[in-house]
Amino acid sequence: MKIPRVMIAATRAKSGKTLVSCAVMASLTKLGFKIQPFKVGPDFIDPSYHSIVTKSQSRNLDSYMFDRDTLISTFARHSTNADLSVIEGVFGLYDSPDGVSELGSTAEVAKMLACPVILVVDSERANRSLLATVQGFRNFDKLVQIKGIILNNIGTRKQQEKIRTAIRTLMPDIEIFGTIPRSAAIEEKFKYRHLGLIPTAERTQDMDELKYTIEVVANYLDINRIRQIAQAAEDIPTPETRTPEHSRRDVVVGVIRDKAFSFYYPENLEYLEAHAKHVHYVNSFVDSELPNLDLLYIGGGFPEIYAAELQENEDLMKSIRNHWSSGMHIYAECGGLMYLTKAIVDAEGNAHKLVGLIDGVVHVEQTPVGHGYVRLESTLPNPLASSGTKVVGHEFHHSRIDLGFRPTFAFRVLRGQGIDGEHDGLLKERILAMYTHIHVLHNPALFDNLLASSS
């Protein structure tokens with residue numbers, strides 16, 4: 001297939017990849033191109049920024065959770081109706097989960113897709129040394145097509161000219177696609193919280209200012225040259241893969257989705273919409289009563305940020321308890337797991353009462369408790385998998401749970417933290433609650449099992 005495409009990567013994390021990616025996407029969209037955005041790796045937050053500037057659903061490309069054919073097919077399928085695809089990388093270009101192999105890295109995905117790469121380089125307090133960095137990145141793996149760089153965080157015009165002169169003189173084959181000045185205003189709009197940028201679901205009040213900031217950054221980029229690089233990308237062969245055919249289940253599903261629970265892969269929801277009888281979306285702040293459901297799916301997010309507001313909606317929490325008592329099944333991931341406990345104790349030590357179906361108290365920590373990819377093996381039959389099934393997912397949490405009972409777990413942790421460092425997937429009658437997030441493209445049978453077990 002001929003798919004115009006470009007990847008925005010960086011020398012390290014927090015170099016401005018999301019900002020630059022959004023600026024490229026927004027500019028091309030403004031020029032009239034239909035842009036399909038993608039994000040390398042397991043991420044819910046950055047794709048939400050892509051979607052607001054392109055009006056297209058951003059998709060994840062994860063070479064750790066997906067096999068090669070699934071990744072390439074996903075990219076090709078969603079790029080078919082677009083004029084151009086823009087892919088944001090993860091961490092530094094060559095960074096990987098194990099730090100040794102390329103598995104799960106931005107570079108691995110770039111090679112799978114034969115995608116031209118533009119490298120964002122944080123230029124704070126540097127000039128000639130940046131050339132050594134860029135040269136090292138180009139030479140480290142020559143199969144990665146680094147086409148040029150964008151200089152971010154430039155302090156002064158003098159510094160900018162020094163760097164440009166050095167590159168023209170010593171590395172004339174490296175193209176500079178833009179220079180972005182250091183700006184307190186930009187930093188404020190793209191500041192980090194404990195798991196990354198603030199999700200766009202929480203930023204409705206400053207959305208216009210956010211979009212304006214992205215437009216300002218776009219003015220510092222050579223969008224026409226970036227477009228030309230993307231359009232010159234080589235053709236790629238796409239594998240012939242068949243999506244497993246699962247029948248529609250006679251199951252009514254509810255999904256709690258709002259500013260506190262916004263971490264859902266679009267493919268997970270699309271799978272449920274295609275294979276369940278009906279999907280209802282529930283807002284944990286304004287809805288007071290669940291509809292009649294067979295299964296309630298509570299995804300991840302930031303219930304710890306909104307715990308005080310969540311506890312005010314006692315009617316909904318009571319409805320969840322009552323529906324569960326009447327036979328409803330519940331599947332909860334990360335924030336959903338936290339919401340089902342008796343209380344959350346926030347970082348300031350304040351306790352907030354929650355649903356209470358799990359006898360435990362969540363404590364929010366200042367540092368990560370679980371962060372990265374997870375490998376699990378099921379030790380008991382459960383709504384997702386039979387015994388002995390291997391599952392790959394990921395976790396991002398700054399919390400731990402003190403349980404008030406002897407738990408039964410569905411999974412043994414082979415890699416990661418889970419609930420207690422050794423187990424994940426707390427099992428209680430008609431409840432499976434875990435810190436691990438699962439992507440349906442890793443193994444669609446898991447979600448088919450979930451629906452089947454709830455019917």
# chains A, B, ... in the order shown; residues from 1 in each chain; ligands from 1
>>> select_by_dssp(residues="segment 187-425 of chain A", states="helix (DSSP H, G or I)", output="PyMOL selection string")
chain A and resi 187-189+200-202+204-218+223-231+266-275+307-310+314-325+335-339
>>> closest_atom_pairs(of="segment 254-290 of chain A", to="segment 33-55 of chain A", cutoff="10 Å", atoms="only C-alpha atoms", output="CSV")
residue,atom,partner,partner_atom,distance
A:Ser262,CA,A:Phe44,CA,8.0
A:Phe263,CA,A:Phe44,CA,5.6
A:Tyr264,CA,A:Phe44,CA,7.0
A:Tyr265,CA,A:Phe44,CA,7.1
A:Pro266,CA,A:Phe44,CA,9.6
>>> write_last_selection(atoms="N, CA and C atoms", output="short mmCIF file (atom, residue, chain, number, x, y, z; two decimals), in the first residue's frame")
data_model
loop_
_atom_site.label_atom_id
_atom_site.label_comp_id
_atom_site.auth_asym_id
_atom_site.auth_seq_id
_atom_site.Cartn_x
_atom_site.Cartn_y
_atom_site.Cartn_z
N SER A 262 -11.57 7.58 31.91
CA SER A 262 -11.45 7.87 30.47
C SER A 262 -10.45 6.96 29.76
N PHE A 263 -9.84 6.03 30.49
CA PHE A 263 -8.80 5.20 29.89
C PHE A 263 -9.41 3.93 29.28
N TYR A 264 -9.85 4.07 28.05
CA TYR A 264 -10.39 2.94 27.29
C TYR A 264 -9.75 2.94 25.90
N TYR A 265 -9.23 1.81 25.50
CA TYR A 265 -8.79 1.72 24.11
C TYR A 265 -10.02 1.71 23.22
N PRO A 266 -10.01 2.48 22.13
CA PRO A 266 -11.20 2.53 21.27
C PRO A 266 -11.59 1.16 20.73
#
>>> closest_residue(among="A:Ala9, A:Leu28, A:Ala410, A:Val20", to="Val144 of chain A", atoms="only C-alpha atoms")
A:Ala9
>>> closest_residue(among="A:Val109, A:Ala332, A:Met434, A:Leu221", to="Phe66 of chain A", atoms="only C-alpha atoms")
A:Val109
>>> closest_residue(among="A:Leu295, A:Met25, A:Leu354, A:Ile330", to="Glu312 of chain A", atoms="only C-alpha atoms")
A:Leu354
>>> closest_residue(among="A:Ala347, A:Leu316, A:Met338, A:Met65", to="Phe261 of chain A", atoms="only C-alpha atoms")
A:Met338
>>> residues_around(residues="Arg125 of chain A", least_positions_apart="5", cutoff="10 Å", atoms="only C-alpha atoms", output="list in words")
Asn153, Ile154, Gly155, Thr156 and Gln159 of chain A
>>> atom_distance(atom1="atom CA of Glu88 of chain A", atom2="atom CA of Leu414 of chain A")
28.9 Å
>>> residues_around(residues="segment 362-366 of chain A", least_positions_apart="2", cutoff="6 Å", atoms="only C-alpha atoms", output="ChimeraX atom specification")
/A:344-347,398-401
>>> atom_distance(atom1="atom CA of Ser455 of chain A", atom2="atom CA of Gly388 of chain A")
23.2 Å
>>> closest_residue(among="A:Ala82, A:Ala276, A:Ile118, A:Ile167", to="Ile226 of chain A", atoms="only C-alpha atoms")
A:Ile118
>>> residues_around(residues="segment 203-219 of chain A", least_positions_apart="3", cutoff="9 Å", atoms="only C-alpha atoms", output="number ranges by chain")
A: 19-20, 22-24, 26-27, 52-53, 178, 180-181, 185-186, 189-190, 198-200, 222-223
